[in-house]
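Coordinates from input-v6.cif are shown below (mmCIF, C-alpha atoms and all ligand atoms).
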data_target
loop_
_atom_site.label_atom_id
_atom_site.label_comp_id
_atom_site.auth_asym_id
_atom_site.auth_seq_id
_atom_site.Cartn_x
_atom_site.Cartn_y
_atom_site.Cartn_z
CA MET A 10 280.96 168.27 122.76
CA PRO A 11 283.29 168.44 125.81
CA SER A 12 283.86 165.15 127.62
CA LYS A 13 282.18 164.56 130.97
CA ARG A 14 283.78 166.07 134.06
CA PRO A 15 285.34 163.15 136.01
CA VAL A 16 283.88 163.88 139.48
CA VAL A 17 280.26 164.26 140.58
CA LEU A 18 279.93 166.03 143.92
CA TYR A 19 276.46 165.09 145.16
CA GLY A 20 275.21 167.34 147.97
CA ALA A 21 277.26 170.31 146.80
CA SER A 22 275.01 172.83 148.61
CA GLY A 23 275.84 171.42 152.07
CA PHE A 24 278.41 172.67 154.57
CA SER A 25 280.72 169.75 153.75
CA GLY A 26 279.90 169.83 150.01
CA ARG A 27 281.13 173.40 149.60
CA LEU A 28 284.43 172.50 151.33
CA VAL A 29 284.92 169.51 149.01
CA ALA A 30 284.35 171.92 146.09
CA GLU A 31 286.95 174.31 147.52
CA PHE A 32 289.60 171.56 147.62
CA LEU A 33 288.61 170.03 144.24
CA ARG A 34 289.39 173.46 142.80
CA GLU A 35 292.78 173.46 144.52
CA TYR A 36 293.56 170.02 143.03
CA ASN A 37 292.38 171.29 139.59
CA VAL A 38 289.83 168.47 139.38
CA PRO A 39 286.88 169.36 137.10
CA PHE A 40 283.57 168.48 138.77
CA ILE A 41 279.80 168.53 138.53
CA ALA A 42 278.21 170.25 141.55
CA ALA A 43 275.01 168.24 141.88
CA GLY A 44 272.04 168.14 144.23
CA ARG A 45 268.31 168.51 144.53
CA ASN A 46 268.15 172.30 144.18
CA ALA A 47 270.18 174.10 141.48
CA ILE A 48 269.36 177.59 142.78
CA ARG A 49 270.70 176.73 146.21
CA ILE A 50 273.82 175.05 144.77
CA ARG A 51 274.58 178.09 142.56
CA ASP A 52 274.20 180.39 145.55
CA VAL A 53 276.46 178.25 147.77
CA MET A 54 279.08 177.75 145.00
CA SER A 55 279.25 181.51 144.39
CA HIS A 56 280.62 181.90 147.94
CA VAL A 57 283.33 179.21 147.65
CA PRO A 58 286.74 180.98 147.83
CA GLY A 59 288.41 181.09 144.39
CA ILE A 60 285.53 179.31 142.65
CA GLU A 61 285.85 181.59 139.60
CA THR A 62 288.91 179.58 138.51
CA ALA A 63 287.31 176.14 139.05
CA ASP A 64 286.18 173.98 136.13
CA TYR A 65 282.66 173.00 137.21
CA GLU A 66 278.99 173.02 136.27
CA VAL A 67 275.85 172.90 138.39
CA VAL A 68 273.30 170.13 137.77
CA GLU A 69 269.98 169.61 139.54
CA VAL A 70 269.03 165.96 139.82
CA GLY A 71 266.13 163.90 141.20
CA GLY A 72 266.82 161.39 143.97
CA SER A 73 265.92 158.09 142.22
CA VAL A 74 268.48 155.44 141.22
CA ASP A 75 267.60 155.97 137.53
CA GLU A 76 268.06 159.75 137.64
CA LEU A 77 271.30 159.54 139.62
CA ALA A 78 272.77 156.74 137.43
CA LYS A 79 272.06 158.85 134.33
CA LEU A 80 273.94 161.79 135.86
CA PHE A 81 276.87 159.62 137.05
CA ALA A 82 277.31 157.75 133.72
CA GLY A 83 280.63 158.69 132.11
CA ALA A 84 282.12 160.16 135.31
CA LYS A 85 284.91 158.38 137.19
CA VAL A 86 284.14 159.17 140.83
CA VAL A 87 281.08 160.08 142.90
CA CYS A 88 281.71 162.10 146.10
CA ASN A 89 278.54 161.84 148.19
CA THR A 90 277.93 164.26 151.06
CA VAL A 91 274.17 163.69 151.51
CA GLY A 92 273.48 162.25 154.96
CA PRO A 93 272.32 160.70 157.23
CA PHE A 94 273.70 157.93 155.04
CA ILE A 95 271.59 155.21 156.67
CA TYR A 96 268.62 157.05 155.10
CA HIS A 97 269.95 158.62 151.88
CA GLY A 98 273.03 156.51 151.02
CA PRO A 99 271.59 153.33 149.43
CA VAL A 100 270.16 154.93 146.25
CA VAL A 101 273.39 156.80 145.59
CA VAL A 102 275.62 153.72 145.97
CA GLU A 103 273.28 151.66 143.79
CA ALA A 104 273.28 154.36 141.08
CA CYS A 105 277.06 154.61 141.29
CA LEU A 106 277.47 150.86 140.82
CA ARG A 107 275.11 150.92 137.85
CA ALA A 108 277.04 153.82 136.26
CA GLY A 109 280.40 152.09 136.90
CA CYS A 110 281.99 154.85 139.04
CA HIS A 111 284.15 154.71 142.16
CA TYR A 112 282.22 155.81 145.27
CA VAL A 113 283.45 157.83 148.27
CA ASP A 114 281.30 159.41 150.95
CA ILE A 115 281.66 161.12 154.34
CA GLY A 116 279.39 158.80 156.35
CA GLY A 117 280.78 157.72 159.71
CA GLU A 118 277.72 155.72 160.79
CA GLN A 119 278.81 152.16 161.57
CA ALA A 120 275.42 150.74 160.53
CA TRP A 121 275.98 152.34 157.11
CA HIS A 122 279.45 150.81 156.83
CA ARG A 123 278.15 147.36 157.70
CA GLN A 124 275.44 147.68 155.05
CA VAL A 125 277.87 148.89 152.37
CA ALA A 126 280.40 146.14 153.18
CA GLU A 127 277.76 143.41 153.10
CA GLU A 128 275.55 144.56 150.19
CA TRP A 129 277.92 146.34 147.81
CA GLY A 130 281.54 145.45 148.67
CA TYR A 131 281.69 142.36 146.46
CA LYS A 132 279.71 143.97 143.62
CA PHE A 133 282.09 146.94 143.41
CA ALA A 134 285.12 144.63 143.64
CA GLN A 135 283.84 142.61 140.69
CA LYS A 136 283.85 145.81 138.62
CA HIS A 137 287.33 146.80 139.94
CA LEU A 138 285.80 149.80 141.69
CA VAL A 139 286.30 151.05 145.24
CA VAL A 140 283.39 151.84 147.57
CA ALA A 141 284.79 153.85 150.49
CA PRO A 142 282.32 155.41 152.91
CA GLY A 143 283.94 157.36 155.76
CA THR A 144 286.42 159.21 153.53
CA ALA A 145 286.26 162.04 156.05
CA PHE A 146 287.57 163.33 159.38
CA MET A 147 285.54 160.67 161.18
CA SER A 148 287.32 158.25 160.97
CA ALA A 149 289.88 158.21 158.14
CA PRO A 150 292.85 159.97 159.84
CA SER A 151 292.60 157.83 163.00
CA ASP A 152 292.50 154.70 160.86
CA ALA A 153 295.57 155.87 158.93
CA ALA A 154 297.42 156.50 162.21
CA ALA A 155 296.34 153.10 163.55
CA ARG A 156 297.82 151.38 160.48
CA ILE A 157 301.14 153.13 161.08
CA CYS A 158 301.03 152.17 164.79
CA MET A 159 300.41 148.54 163.82
CA GLU A 160 303.75 148.44 162.00
CA SER A 161 305.62 149.05 165.27
CA GLY A 162 305.12 145.59 166.75
CA ALA A 163 302.84 142.62 167.37
CA ILE A 164 299.80 144.84 167.93
CA ASP A 165 296.46 142.98 167.83
CA THR A 166 294.27 145.33 169.90
CA LEU A 167 293.27 148.91 169.07
CA GLU A 168 291.43 151.52 171.09
CA ILE A 169 290.61 154.66 169.13
CA LEU A 170 289.20 157.94 170.38
CA THR A 171 288.16 160.82 168.09
CA MET A 172 287.00 164.15 169.50
CA PHE A 173 286.46 167.65 168.12
CA ASN A 174 285.46 171.10 169.17
CA GLY A 175 282.94 172.74 166.87
CA PHE A 176 279.37 173.36 165.82
CA PRO A 177 277.76 170.30 164.22
CA THR A 178 275.88 171.27 161.03
CA PHE A 179 272.21 170.51 160.31
CA GLY A 180 273.18 167.27 158.52
CA SER A 181 275.64 166.22 161.24
CA THR A 182 273.10 166.85 164.01
CA GLN A 183 270.49 164.84 162.11
CA THR A 184 273.05 162.02 161.85
CA ILE A 185 274.12 162.16 165.52
CA PHE A 186 270.45 161.66 166.47
CA ALA A 187 269.68 159.12 163.68
CA VAL A 188 272.44 156.72 164.87
CA ILE A 189 270.86 156.52 168.34
CA GLN A 190 268.38 153.97 166.95
CA THR A 191 271.13 151.76 165.42
CA ASP A 192 273.09 148.93 167.02
CA GLY A 193 276.77 149.73 167.53
CA TYR A 194 279.44 147.04 167.75
CA TYR A 195 283.05 146.67 168.81
CA LEU A 196 285.30 143.85 167.71
CA GLU A 197 286.55 141.21 170.15
CA GLN A 198 288.54 138.25 168.81
CA ASN A 199 287.22 139.19 165.37
CA ARG A 200 283.58 138.90 166.49
CA TYR A 201 281.12 141.77 166.70
CA HIS A 202 279.90 142.52 170.25
CA GLU A 203 277.18 145.05 170.90
CA TRP A 204 278.05 148.21 172.86
CA ALA A 205 275.96 148.86 175.99
CA ARG A 206 273.25 151.37 175.07
CA ALA A 207 273.04 154.90 176.47
CA THR A 208 276.39 154.68 178.28
CA GLY A 209 279.03 157.40 178.58
CA TYR A 210 282.79 156.88 179.03
CA GLU A 211 285.19 159.21 180.84
CA VAL A 212 288.30 159.49 178.68
CA VAL A 213 291.76 160.97 179.24
CA VAL A 214 292.80 163.18 176.31
CA PRO A 215 296.39 164.44 175.92
CA GLY A 216 296.47 168.23 176.09
CA TYR A 217 293.51 168.49 178.49
CA ILE A 218 293.64 168.36 182.30
CA ARG A 219 289.95 167.53 182.79
CA THR A 220 288.61 164.22 181.51
CA GLN A 221 286.18 164.30 178.57
CA LEU A 222 282.89 162.48 178.05
CA ALA A 223 282.87 160.14 175.04
CA LEU A 224 280.18 157.88 173.58
CA SER A 225 280.27 154.81 171.37
CA TRP A 226 278.04 156.84 168.96
CA GLY A 227 276.79 153.89 166.93
CA GLY A 228 280.19 152.17 166.98
CA PHE A 229 282.30 154.14 164.41
CA PRO A 230 283.60 152.51 161.18
CA HIS A 231 286.84 150.95 162.53
CA PRO A 232 285.37 147.59 163.68
CA VAL A 233 284.00 147.09 160.14
CA TRP A 234 287.30 148.11 158.51
CA TYR A 235 289.19 145.61 160.70
CA LYS A 236 286.74 142.69 160.52
CA ASN A 237 288.73 139.65 159.32
CA HIS A 238 291.98 141.64 159.40
CA PRO A 239 295.03 139.33 159.51
CA GLN A 240 296.71 141.25 162.39
CA VAL A 241 294.08 143.04 164.44
CA ALA A 242 291.38 141.10 166.34
CA ASN A 243 290.06 143.62 168.91
CA VAL A 244 288.86 147.14 168.10
CA ARG A 245 286.98 149.62 170.28
CA SER A 246 286.25 153.08 168.98
CA PHE A 247 284.52 156.02 170.67
CA GLY A 248 284.39 159.76 170.52
CA GLY A 249 282.35 162.93 170.52
CA LEU A 250 282.64 166.66 171.02
CA LEU A 251 285.12 168.33 173.36
CA ILE A 252 282.13 170.18 174.86
CA ARG A 253 280.88 168.30 177.91
CA GLN A 254 277.46 169.97 178.00
CA ILE A 255 276.64 168.82 174.45
CA MET A 256 277.80 165.27 175.22
CA GLU A 257 275.69 165.16 178.39
CA ASN A 258 272.68 166.27 176.34
CA VAL A 259 273.31 163.55 173.72
CA LEU A 260 273.65 160.95 176.49
CA ALA A 261 270.40 162.14 178.08
CA THR A 262 268.73 161.88 174.65
CA GLU A 263 270.03 158.30 174.28
CA LYS A 264 268.48 157.42 177.66
CA HIS A 265 265.21 159.14 176.72
CA PHE A 266 265.19 157.21 173.44
CA GLU A 267 265.59 153.84 175.19
CA GLU A 268 262.76 154.56 177.63
CA LYS A 269 260.20 156.41 175.51
CA ILE A 270 260.94 156.14 171.79
CA ARG A 271 262.35 152.67 171.10
CA PRO A 272 258.98 150.98 171.80
CA LEU A 273 257.40 153.04 168.95
CA PRO A 274 257.19 151.91 165.28
CA LYS A 275 260.38 152.50 163.23
CA LYS A 276 258.98 155.42 161.18
CA GLU A 277 257.83 157.18 164.35
CA GLN A 278 261.27 156.65 165.93
CA GLU A 279 262.93 158.30 162.91
CA LYS A 280 260.44 161.18 162.94
CA GLN A 281 260.96 161.95 166.62
CA LEU A 282 264.76 161.74 166.33
CA ALA A 283 264.70 164.12 163.33
CA GLU A 284 262.48 166.59 165.22
CA MET A 285 264.77 166.54 168.26
CA ALA A 286 267.81 167.11 165.99
CA SER A 287 266.11 170.03 164.20
CA ALA A 288 265.40 171.66 167.57
CA VAL A 289 269.14 171.52 168.35
CA GLN A 290 270.52 172.72 164.97
CA ALA A 291 268.25 174.09 162.23
CA GLY A 292 270.74 176.27 160.37
CA THR A 293 274.26 176.41 158.93
CA PRO A 294 277.13 177.21 161.34
CA PRO A 295 279.84 179.78 160.48
CA ARG A 296 283.03 178.82 158.63
CA GLU A 297 285.47 177.08 160.97
CA ASN A 298 288.22 178.98 162.76
CA PRO A 299 291.45 176.92 163.11
CA ARG A 300 292.26 178.65 166.43
CA GLU A 301 289.00 177.44 167.94
CA GLN A 302 287.69 174.26 166.28
CA ARG A 303 290.44 171.84 167.24
CA THR A 304 290.40 168.05 166.85
CA ILE A 305 292.18 165.16 168.51
CA ASP A 306 292.49 161.45 167.73
CA VAL A 307 294.11 159.10 170.22
CA ILE A 308 295.18 155.62 169.10
CA VAL A 309 296.38 153.02 171.58
CA GLY A 310 297.67 149.64 170.39
CA ARG A 311 298.41 146.57 172.50
CA GLY A 312 299.82 143.12 171.92
CA SER A 313 300.90 140.59 174.55
CA THR A 314 304.31 142.25 174.90
CA ASP A 315 304.03 145.37 172.71
CA PHE A 316 302.41 148.75 173.25
CA VAL A 317 302.12 151.84 171.06
CA GLN A 318 300.30 155.14 171.39
CA CYS A 319 299.96 158.02 168.98
CA VAL A 320 297.94 161.21 168.84
CA LEU A 321 296.74 163.35 165.95
CA PHE A 322 296.52 167.00 166.96
CA GLY A 323 294.41 168.82 164.41
CA THR A 324 291.95 171.54 163.64
CA CYS A 325 288.74 172.17 161.61
CA CYS A 326 287.09 168.75 161.24
CA TYR A 327 284.90 169.89 158.31
CA ARG A 328 287.87 171.31 156.41
CA GLN A 329 289.71 168.02 157.02
CA THR A 330 286.69 166.27 155.53
CA GLY A 331 286.64 168.52 152.45
CA LEU A 332 290.34 167.95 151.86
CA ILE A 333 290.21 164.17 152.35
CA GLN A 334 287.32 163.85 149.86
CA ALA A 335 288.99 166.01 147.20
CA TRP A 336 292.33 164.24 147.68
CA ALA A 337 290.66 160.82 147.33
CA ALA A 338 288.83 161.97 144.17
CA HIS A 339 292.09 163.37 142.76
CA ASN A 340 293.75 159.98 143.46
CA LEU A 341 290.98 158.12 141.65
CA VAL A 342 290.91 160.48 138.67
CA ASN A 343 294.65 160.06 138.16
CA GLY A 344 295.26 156.44 139.17
CA ALA A 345 293.88 153.20 140.52
CA PRO A 346 292.95 152.52 144.17
CA ARG A 347 295.21 150.16 146.19
CA GLN A 348 292.16 148.12 147.16
CA VAL A 349 288.82 147.61 145.38
CA GLY A 350 285.44 146.76 146.88
CA TYR A 351 284.64 148.04 150.39
CA ALA A 352 287.79 149.70 151.75
CA SER A 353 288.89 152.25 154.29
CA PRO A 354 290.41 155.40 152.76
CA ALA A 355 293.80 154.58 154.31
CA ALA A 356 293.73 151.11 152.72
CA ALA A 357 292.51 152.44 149.36
CA PHE A 358 294.75 155.51 149.04
CA GLY A 359 297.60 155.07 151.56
CA ALA A 360 297.84 155.75 155.30
CA ARG A 361 301.02 157.84 155.20
CA GLU A 362 299.83 159.72 152.11
CA LEU A 363 296.55 160.63 153.81
CA LEU A 364 298.25 161.95 156.94
CA LYS A 365 300.92 163.85 154.93
CA THR A 366 298.16 165.52 152.93
CA LEU A 367 296.45 166.75 156.10
CA GLU A 368 299.77 167.82 157.59
CA GLY A 369 300.68 169.68 154.40
CA TYR A 370 297.60 171.85 154.86
CA GLY A 371 298.30 172.36 158.59
CA LEU A 372 295.11 170.50 159.48
CA SER A 373 296.52 167.56 161.46
CA LYS A 374 299.86 166.31 162.74
CA MET A 375 300.73 162.89 164.14
CA LYS A 376 302.85 162.51 167.28
CA MET A 377 304.03 159.09 168.46
CA LEU A 378 303.89 159.00 172.27
CA SER A 379 305.76 155.75 172.69
N1 LIG A 401 282.47 161.51 159.00
C1 LIG A 401 282.71 162.81 159.11
O1 LIG A 401 283.76 163.24 159.60
C2 LIG A 401 281.69 163.79 158.62
C3 LIG A 401 282.06 165.13 158.48
C4 LIG A 401 281.12 166.02 158.02
C5 LIG A 401 279.83 165.58 157.72
N2 LIG A 401 279.51 164.28 157.86
C6 LIG A 401 278.17 163.77 157.52
O2 LIG A 401 277.84 164.22 156.23
C7 LIG A 401 276.47 164.51 156.12
C8 LIG A 401 276.27 165.93 155.60
O3 LIG A 401 276.82 166.83 156.49
P1 LIG A 401 276.85 168.40 156.18
O4 LIG A 401 277.60 169.00 157.28
O5 LIG A 401 277.34 168.69 154.80
O6 LIG A 401 275.28 168.76 156.29
P2 LIG A 401 274.45 169.90 155.63
O7 LIG A 401 275.20 171.18 155.61
O8 LIG A 401 273.13 169.88 156.32
O9 LIG A 401 274.26 169.45 154.09
C9 LIG A 401 273.47 168.37 153.72
C10 LIG A 401 273.44 168.23 152.20
O10 LIG A 401 272.62 167.11 151.88
C11 LIG A 401 271.56 167.54 151.00
N3 LIG A 401 270.38 166.75 151.26
C12 LIG A 401 269.78 166.52 152.46
N4 LIG A 401 268.72 165.70 152.30
C13 LIG A 401 268.66 165.40 150.98
C14 LIG A 401 267.80 164.60 150.19
N5 LIG A 401 266.76 163.94 150.72
N6 LIG A 401 268.05 164.50 148.85
C15 LIG A 401 269.09 165.17 148.29
N7 LIG A 401 269.93 165.96 148.98
C16 LIG A 401 269.71 166.07 150.31
C17 LIG A 401 271.37 169.01 151.29
O11 LIG A 401 270.73 169.61 150.19
P3 LIG A 401 269.87 170.98 150.33
O12 LIG A 401 270.87 172.10 150.40
O13 LIG A 401 269.08 171.00 149.08
O14 LIG A 401 269.05 170.86 151.58
C18 LIG A 401 272.83 169.45 151.48
O15 LIG A 401 273.45 169.60 150.23
C19 LIG A 401 275.90 164.24 157.53
O16 LIG A 401 275.39 162.92 157.53
C20 LIG A 401 277.10 164.33 158.43
O17 LIG A 401 276.97 163.56 159.61
C21 LIG A 401 280.41 163.36 158.32
#

Take the structure I supplied and represent it as structure tokens, if you would.
Ligand SMILES: NC(=O)c1ccc[n+]([C@@H]2O[C@H](COP(=O)([O-])OP(=O)(O)OC[C@H]3O[C@@H](n4cnc5c(N)ncnc54)[C@H](OP(=O)(O)O)[C@@H]3O)[C@@H](O)[C@H]2O)c1
Amino acid sequence: MPSKRPVVLYGASGFSGRLVAEFLREYNVPFIAAGRNAIRIRDVMSHVPGIETADYEVVEVGGSVDELAKLFAGAKVVCNTVGPFIYHGPVVVEACLRAGCHYVDIGGEQAWHRQVAEEWGYKFAQKHLVVAPGTAFMSAPSDAAARICMESGAIDTLEILTMFNGFPTFGSTQTIFAVIQTDGYYLEQNRYHEWARATGYEVVVPGYIRTQLALSWGGFPHPVWYKNHPQVANVRSFGGLLIRQIMENVLATEKHFEEKIRPLPKKEQEKQLAEMASAVQAGTPPRENPREQRTIDVIVGRGSTDFVQCVLFGTCCYRQTGLIQAWAAHNLVNGAPRQVGYASPAAAFGARELLKTLEGYGLSKMKMLS
């Protein structure tokens, strides 16, 4: 009987899942393409470029901890692309811990990161396993760049902006709306402070003459990654789409939520947010075009007497996500993580290595501006 394939890709039928599969094939990593509907997964996999030379099998699996743990047992890494993670993540992480696998996902919701850090970080560390949500465009490359910026001087304060041009998928739109109900925090003197709700921020983005509209969008993962960091005490992170009309609509939805939906019971809040998201994006967008779907991360660091700024100019945020996941899985199949327990991808797999990988594929390039 052949031994188990080392990677389980859960959510393989999704827009992000199929891109992870594409890059797992390029890294020659054998994988199980798993999810709740085998027919749909087979159909999606059959359209992945070059899939005929990948070593993979399709497995349909139920969504309970028991069923997932049984599937994961014997594998080395679980790549989870089923979001919103605040809803669907906990069972998968629990099953992963039970099966004794490393866990990476593509969740950028800060509330999800806080939950993973608090509930599972220590448990994974005890088993010498890494649990790394956010192993994705939002916000792994900006964190990697921030770590390189921090080496340039006595930097203790970071401001990070991540923006992209593109069509959010069904799952991403559901997540953008789901985080509206969560509390988002920034870090000030190593303490969490809550962001003002339903507030937009005009931001200056290199390469654009007009200012852009950014939101705190639930807070982003960075404040959780840098909590109790020996060097950095202050972290603010914001972002959004480089399409003002969409950002104005999201901001209007945040205001509507505060006035009309927050007073409702939790389940009703979730239902209304999901319905609003489905009205915005019910289908699957086309494959990204690198000449159109560009990305930008801006990282500014300050100390009392030091200053540093760098920018990541990139393209195709979903392709970046697929590559970062597959690269992380490849790292874990062939070696040990640099950090166990809850960790950012840059801390677990290397900041320079992550950025070089993206640059090697022409997906992102770092420029120091000072
Ligand atoms: N941080 C980042 O940079 C980043 C980048 C990309 C995506 N994301 C996040 O990743 C998540 C997925 O995004 P996507 O673009 O891949 O969305 P998508 O195309 O809508 O795919 C969602 C996947 O999740 C599966 N799924 C949904 N609900 C499920 C459930 N209850 N049980 C089992 N499987 C379920 C779907 O299965 P079916 O096909 O059977 O419906 C599909 O495989 C979102 O939360 C998004 O915000 C984050």

What's the 10 Å shell around Ala153 in chain A, counting only C-alpha atoms, without same-chain residues fewer than 4 positions away, as a ChimeraX atom specification? /A:148-149,157-158,353-356,358-364

Can you write just those residues out, C-alpha atoms, as a PDB file, in the frame of the given file?
ATOM      1  CA  SER A 148     287.320 158.250 160.970  1.00  0.00           C
ATOM      2  CA  ALA A 149     289.880 158.210 158.140  1.00  0.00           C
ATOM      3  CA  ILE A 157     301.140 153.130 161.080  1.00  0.00           C
ATOM      4  CA  CYS A 158     301.030 152.170 164.790  1.00  0.00           C
ATOM      5  CA  SER A 353     288.890 152.250 154.290  1.00  0.00           C
ATOM      6  CA  PRO A 354     290.410 155.400 152.760  1.00  0.00           C
ATOM      7  CA  ALA A 355     293.800 154.580 154.310  1.00  0.00           C
ATOM      8  CA  ALA A 356     293.730 151.110 152.720  1.00  0.00           C
ATOM      9  CA  PHE A 358     294.750 155.510 149.040  1.00  0.00           C
ATOM     10  CA  GLY A 359     297.600 155.070 151.560  1.00  0.00           C
ATOM     11  CA  ALA A 360     297.840 155.750 155.300  1.00  0.00           C
ATOM     12  CA  ARG A 361     301.020 157.840 155.200  1.00  0.00           C
ATOM     13  CA  GLU A 362     299.830 159.720 152.110  1.00  0.00           C
ATOM     14  CA  LEU A 363     296.550 160.630 153.810  1.00  0.00           C
ATOM     15  CA  LEU A 364     298.250 161.950 156.940  1.00  0.00           C
TER      16      LEU A 364
END

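Within 7 Å of Gly143 in chain A, once all atoms listed in the file are used and residues closer than 3 positions along the same chain are dropped, the contacting residues are Asp114, Ile115, Gly116, Gly117, Met147, Ser148 and Ala149 of chain A.
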
Pick from A:Arg34, A:Arg14, A:Arg296, A:Lys264, whichever lies nearest to ligand LIG 401 (chain A) using only C-alpha atoms and all ligand atoms: A:Arg296

Could you give me the residues within 6 Å of ligand LIG 401 (chain A), counting all atoms listed in the file, as number ranges by chain? A: 20-26, 44-46, 72, 90-94, 115-117, 143, 145-147, 178-181, 184, 327, 330

Smallest atom-to-atom distance to Leu321 in chain A: which of A:Gly228, A:Gly371, A:Gly350, A:Gly209, using all atoms listed in the file? A:Gly371

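We find CA of Gly312 in chain A and CA of Ala205 in chain A to be spaced 24.9 Å apart.
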